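**Student:** Would you mind keeping the following structure in view while I ask a few things?
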Amino acid sequence: MYRFAVDPEHASVNGRKRSQRPQRSHREVADELRHRIRTGMLRPGQRMPTQAELADEFGVERGAVRQALGILQVEHLLTNVSKGRPATVAAGPVGALTGPAARPLPTTAALAPRIEAAFDASHVAIDALCLTAISLTLAIGEPLRQIHAGRLKPAKVDVRVLLPSRDIDLAFPVPVDASDAGRLRRGWLAQRNAQGQVLKHNLLALRATHGIDVHVTFRALPFTPPVKLYLLNDGEALFAYYTLRRREQEIDQEPLELYDAEGTRSILFAFEQGAGARDTAFVEQSHVWFDALWETISSELLLTN
């Protein structure tokens, strides 16, 4: 079997000294490891080097390595990715995904590894604009488990969330039959409040259990957002369109036809500060836009019915 060896002081796998190479981004690390998997340098079932060895080889922080491994896990190229042990090259076929960051992926798959990487920082800052907080609540579950296991130790966590106000007529979800509007609205509001409460409770619990300085704030928007946006640690923007479809949902134990967007399946596009002029401008302007909404037309939001 091919052995992937690293001399931490002198050479990488391809024989180049680490000092000869500028520090890489997590996407470049993912690109190189993806190439090694696809060309057979790393074989199915083979154990990867440790995260410390990869960080030393590529001249990056371990957080960048974890983010790169998370990308490859989402692409089903790696399995058993965790902070405590080396990952394993997936046993299945690996030829379906191509490109520097592969193709954009649904929110449920793409958001989680990026949120986990964000929690590797000492100060975690997450801004979110969305219809409900369900995707963020799901994605934040893994870093919370890592914190409770002692593998992640942020000192401070700041989360700001913009959600539609209960006082507006939503553009969506809306019932196909207008007579069902009241029932649908009650269902949406209950979901918005429940997801927000779970997110807030789980984060604030870190104060008591781990002494982390946590702040979670919600504000209400006077409109229905046509997109969802996540801003992570001032360095990354994740963006997705809410695409409407007609579907059936059970509310109050009765089926209801509605026009809605399935936010957890929205395709998420990633933009990174420093990954080119276009990416940098998008991240910066996304922060400007979010802050403007937060400081001007949004209002206090209470997570009650």
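Labels for the structure tokens follow display order: chains A, B, ..., residues from 1 in each chain, ligands from 1.
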Name the residues of region 45-257 of chain A that fall into strand (DSSP E or B) according to DSSP on the backbone, using the chain letters and numbers of this document, as a ChimeraX atom specification.
**Tutor:** /A:47,78-79,88-89,100,102,105-106,123-129,156-164,174-175,213-221,227-232,236-241,244-251,254-257
**Student:** Just want the 12 Å neighbourhood of Gly263 (chain A), counted on only C-alpha atoms, with same-chain residues fewer than 6 positions away dropped. Output as number ranges by chain.
**Tutor:** A: 106-108, 111, 129-136, 172-173, 225-229, 239-245
**Student:** Rank nothing, just name the residue among A:Leu54, A:Val174, A:Ala110, A:Ile147 nearest to Arg265 (chain A), using only C-alpha atoms.
**Tutor:** A:Ala110
**Student:** If you run DSSP over the backbone, which residues in region 202-265 of chain A end up alpha helix (DSSP H)? Put them as a list of chain:residue names.
**Tutor:**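 Result set for region 202-265 of chain A (alpha helix (DSSP H)): A:Asn202, A:Leu203, A:Leu204, A:Ala205, A:Leu206, A:Arg207, A:Ala208, A:Thr209, A:His210.
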**Student:** Could you dump the residues just selected with all heavy atoms as a short mmCIF file (atom, residue, chain, number, x, y, z; two decimals), in the first residue's frame?
**Tutor:**
data_model
loop_
_atom_site.label_atom_id
_atom_site.label_comp_id
_atom_site.auth_asym_id
_atom_site.auth_seq_id
_atom_site.Cartn_x
_atom_site.Cartn_y
_atom_site.Cartn_z
N ASN A 202 -29.43 26.50 23.21
CA ASN A 202 -28.23 25.66 23.09
C ASN A 202 -26.95 26.48 23.16
O ASN A 202 -25.95 26.04 23.74
CB ASN A 202 -28.27 24.88 21.77
CG ASN A 202 -29.31 23.79 21.78
OD1 ASN A 202 -29.85 23.42 22.83
ND2 ASN A 202 -29.62 23.26 20.61
N LEU A 203 -26.98 27.67 22.58
CA LEU A 203 -25.78 28.52 22.62
C LEU A 203 -25.57 29.14 24.00
O LEU A 203 -24.46 29.13 24.52
CB LEU A 203 -25.89 29.61 21.56
CG LEU A 203 -25.68 29.16 20.11
CD1 LEU A 203 -26.09 30.24 19.13
CD2 LEU A 203 -24.22 28.76 19.88
N LEU A 204 -26.64 29.67 24.58
CA LEU A 204 -26.49 30.31 25.89
C LEU A 204 -26.10 29.31 26.97
O LEU A 204 -25.48 29.68 27.98
CB LEU A 204 -27.79 31.02 26.27
CG LEU A 204 -28.14 32.26 25.44
CD1 LEU A 204 -29.44 32.87 25.92
CD2 LEU A 204 -27.02 33.29 25.49
N ALA A 205 -26.42 28.03 26.77
CA ALA A 205 -26.03 27.01 27.74
C ALA A 205 -24.51 26.90 27.87
O ALA A 205 -24.00 26.43 28.89
CB ALA A 205 -26.62 25.66 27.35
N LEU A 206 -23.78 27.33 26.84
CA LEU A 206 -22.32 27.27 26.89
C LEU A 206 -21.74 28.19 27.96
O LEU A 206 -20.62 27.99 28.42
CB LEU A 206 -21.73 27.65 25.52
CG LEU A 206 -22.08 26.72 24.35
CD1 LEU A 206 -21.51 27.27 23.06
CD2 LEU A 206 -21.58 25.31 24.61
N ARG A 207 -22.50 29.21 28.34
CA ARG A 207 -22.02 30.09 29.42
C ARG A 207 -21.86 29.31 30.72
O ARG A 207 -20.83 29.38 31.40
CB ARG A 207 -23.03 31.23 29.65
CG ARG A 207 -23.06 32.30 28.60
CD ARG A 207 -24.09 33.35 29.00
NE ARG A 207 -24.20 34.42 28.03
CZ ARG A 207 -25.10 35.39 28.12
NH1 ARG A 207 -25.97 35.39 29.13
NH2 ARG A 207 -25.15 36.34 27.21
N ALA A 208 -22.90 28.56 31.06
CA ALA A 208 -22.89 27.82 32.33
C ALA A 208 -21.99 26.61 32.28
O ALA A 208 -21.29 26.30 33.25
CB ALA A 208 -24.32 27.41 32.69
N THR A 209 -21.97 25.91 31.15
CA THR A 209 -21.23 24.64 31.08
C THR A 209 -19.74 24.83 30.81
O THR A 209 -18.93 24.02 31.25
CB THR A 209 -21.83 23.73 30.00
OG1 THR A 209 -21.80 24.41 28.73
CG2 THR A 209 -23.27 23.35 30.35
N HIS A 210 -19.38 25.89 30.06
CA HIS A 210 -17.98 26.05 29.67
C HIS A 210 -17.43 27.44 29.89
O HIS A 210 -16.28 27.71 29.52
CB HIS A 210 -17.81 25.67 28.19
CG HIS A 210 -18.14 24.24 27.89
ND1 HIS A 210 -17.25 23.20 28.08
CD2 HIS A 210 -19.28 23.66 27.47
CE1 HIS A 210 -17.81 22.06 27.76
NE2 HIS A 210 -19.05 22.31 27.38
#
**Student:** Which residue, A:Lys153, A:Ala90, A:Leu301, A:Ile251, has the smallest gap to Arg186 (chain A) when you use only C-alpha atoms?
**Tutor:** A:Ile251
**Student:** If you count only C-alpha atoms, which residues fall within 10 Å of Val214 (chain A), apart from same-chain ones fewer than 2 positions away, as a list in words?
**Tutor:**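 Counting only the stated atoms, we get His123, Val124, Pro154, Ala155, Lys156, Val157, Asp158, Val159, Lys200, Leu203, Leu204, Ala205, Leu206, Arg207, Gly211, Ile212 and Val216 of chain A.
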**Student:** Calculated over only C-alpha atoms, which of the candidates A:Pro104, A:Pro222, A:Pro143, A:Gly196 has the smallest distance to Glu116 (chain A)?
**Tutor:**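 Nearest to Glu116 (chain A): A:Pro143.
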**Student:** Could you tell me how far CA of Ala277 (chain A) lies from CA of Asp291 (chain A), in Å and to one decimal?
**Tutor:**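 Computing the Euclidean distance for CA of Ala277 (chain A) and CA of Asp291 (chain A) yields 21.2 Å.
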**Student:** Just want the 6 Å neighbourhood of region 34-49 of chain A, counted on only C-alpha atoms, with same-chain residues fewer than 6 positions away dropped. Output as an MDAnalysis selection string.
**Tutor:** chainID A and resid 86:91
**Student:** Take the residues that were just selected and, keeping N, CA and C atoms, output them as a JSON list (two decimals), in the first residue's frame.
**Tutor:**
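Written file, selection-v3.json:
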[["chain", "number", "residue", "atom", "x", "y", "z"],
["A", 86, "PRO", "N", -7.26, 10.72, 12.55],
["A", 86, "PRO", "CA", -7.13, 10.93, 11.11],
["A", 86, "PRO", "C", -8.37, 10.46, 10.35],
["A", 87, "ALA", "N", -8.68, 11.16, 9.27],
["A", 87, "ALA", "CA", -9.79, 10.76, 8.40],
["A", 87, "ALA", "C", -9.37, 9.57, 7.55],
["A", 88, "THR", "N", -10.36, 8.99, 6.86],
["A", 88, "THR", "CA", -10.12, 7.85, 5.98],
["A", 88, "THR", "C", -10.64, 8.17, 4.59],
["A", 89, "VAL", "N", -9.89, 7.77, 3.57],
["A", 89, "VAL", "CA", -10.35, 7.96, 2.19],
["A", 89, "VAL", "C", -11.56, 7.07, 1.95],
["A", 90, "ALA", "N", -12.61, 7.65, 1.38],
["A", 90, "ALA", "CA", -13.85, 6.91, 1.18],
["A", 90, "ALA", "C", -13.63, 5.73, 0.25],
["A", 91, "ALA", "N", -14.38, 4.66, 0.49],
["A", 91, "ALA", "CA", -14.22, 3.43, -0.29],
["A", 91, "ALA", "C", -14.98, 3.46, -1.60]]
**Student:** What is the distance between CA of Ala118 (chain A) and CA of Leu77 (chain A), in Å to one decimal?
**Tutor:**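 Straight-line distance from CA of Ala118 (chain A) to CA of Leu77 (chain A) works out to 21.5 Å.
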**Student:** Neighbours of Ala117 (chain A) within 8 Å (only C-alpha atoms; same-chain residues fewer than 6 positions away dropped), as a VMD selection string?
**Tutor:** chain A and resid 63 to 64 66 to 67
**Student:** Could you save the residues just selected, with C-alpha atoms, as a PDB file, in the first residue's frame?
**Tutor:**
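Output (result-v6.pdb):
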ATOM      1  CA  GLY A  63      -8.582  25.095  11.520  1.00  0.00           C
ATOM      2  CA  ALA A  64      -7.835  25.448   7.800  1.00  0.00           C
ATOM      3  CA  ARG A  66     -10.298  20.860   9.374  1.00  0.00           C
ATOM      4  CA  GLN A  67     -12.221  23.081   6.971  1.00  0.00           C
TER       5      GLN A  67
END
**Student:** Just checking: using only C-alpha atoms, which residue out of A:Leu33, A:Ile168, A:Leu189, A:Ala237 ends up closest to Gly274 (chain A)?
**Tutor:**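 With only C-alpha atoms as the atom set, the closest residue is A:Ala237.
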**Student:** Closest to Ile297 (chain A) among A:His76, A:Arg85, A:His26, A:Arg219, using only C-alpha atoms?
**Tutor:**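 Closest to Ile297 (chain A) of all the choices is A:Arg219.
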**Student:** Pick out the closest residue to Gly235 (chain A) from this set: A:Ala30, A:Ala220, A:Ala261, A:Ala281. Count only C-alpha atoms.
**Tutor:**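 Of all the options, A:Ala281 lies closest to Gly235 (chain A).
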**Student:** Between CA of Ala55 (chain A) and CA of Arg27 (chain A), measure the distance and give it in Å to one decimal.
**Tutor:**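 Pair CA of Ala55 (chain A) / CA of Arg27 (chain A) returns 13.3 Å.
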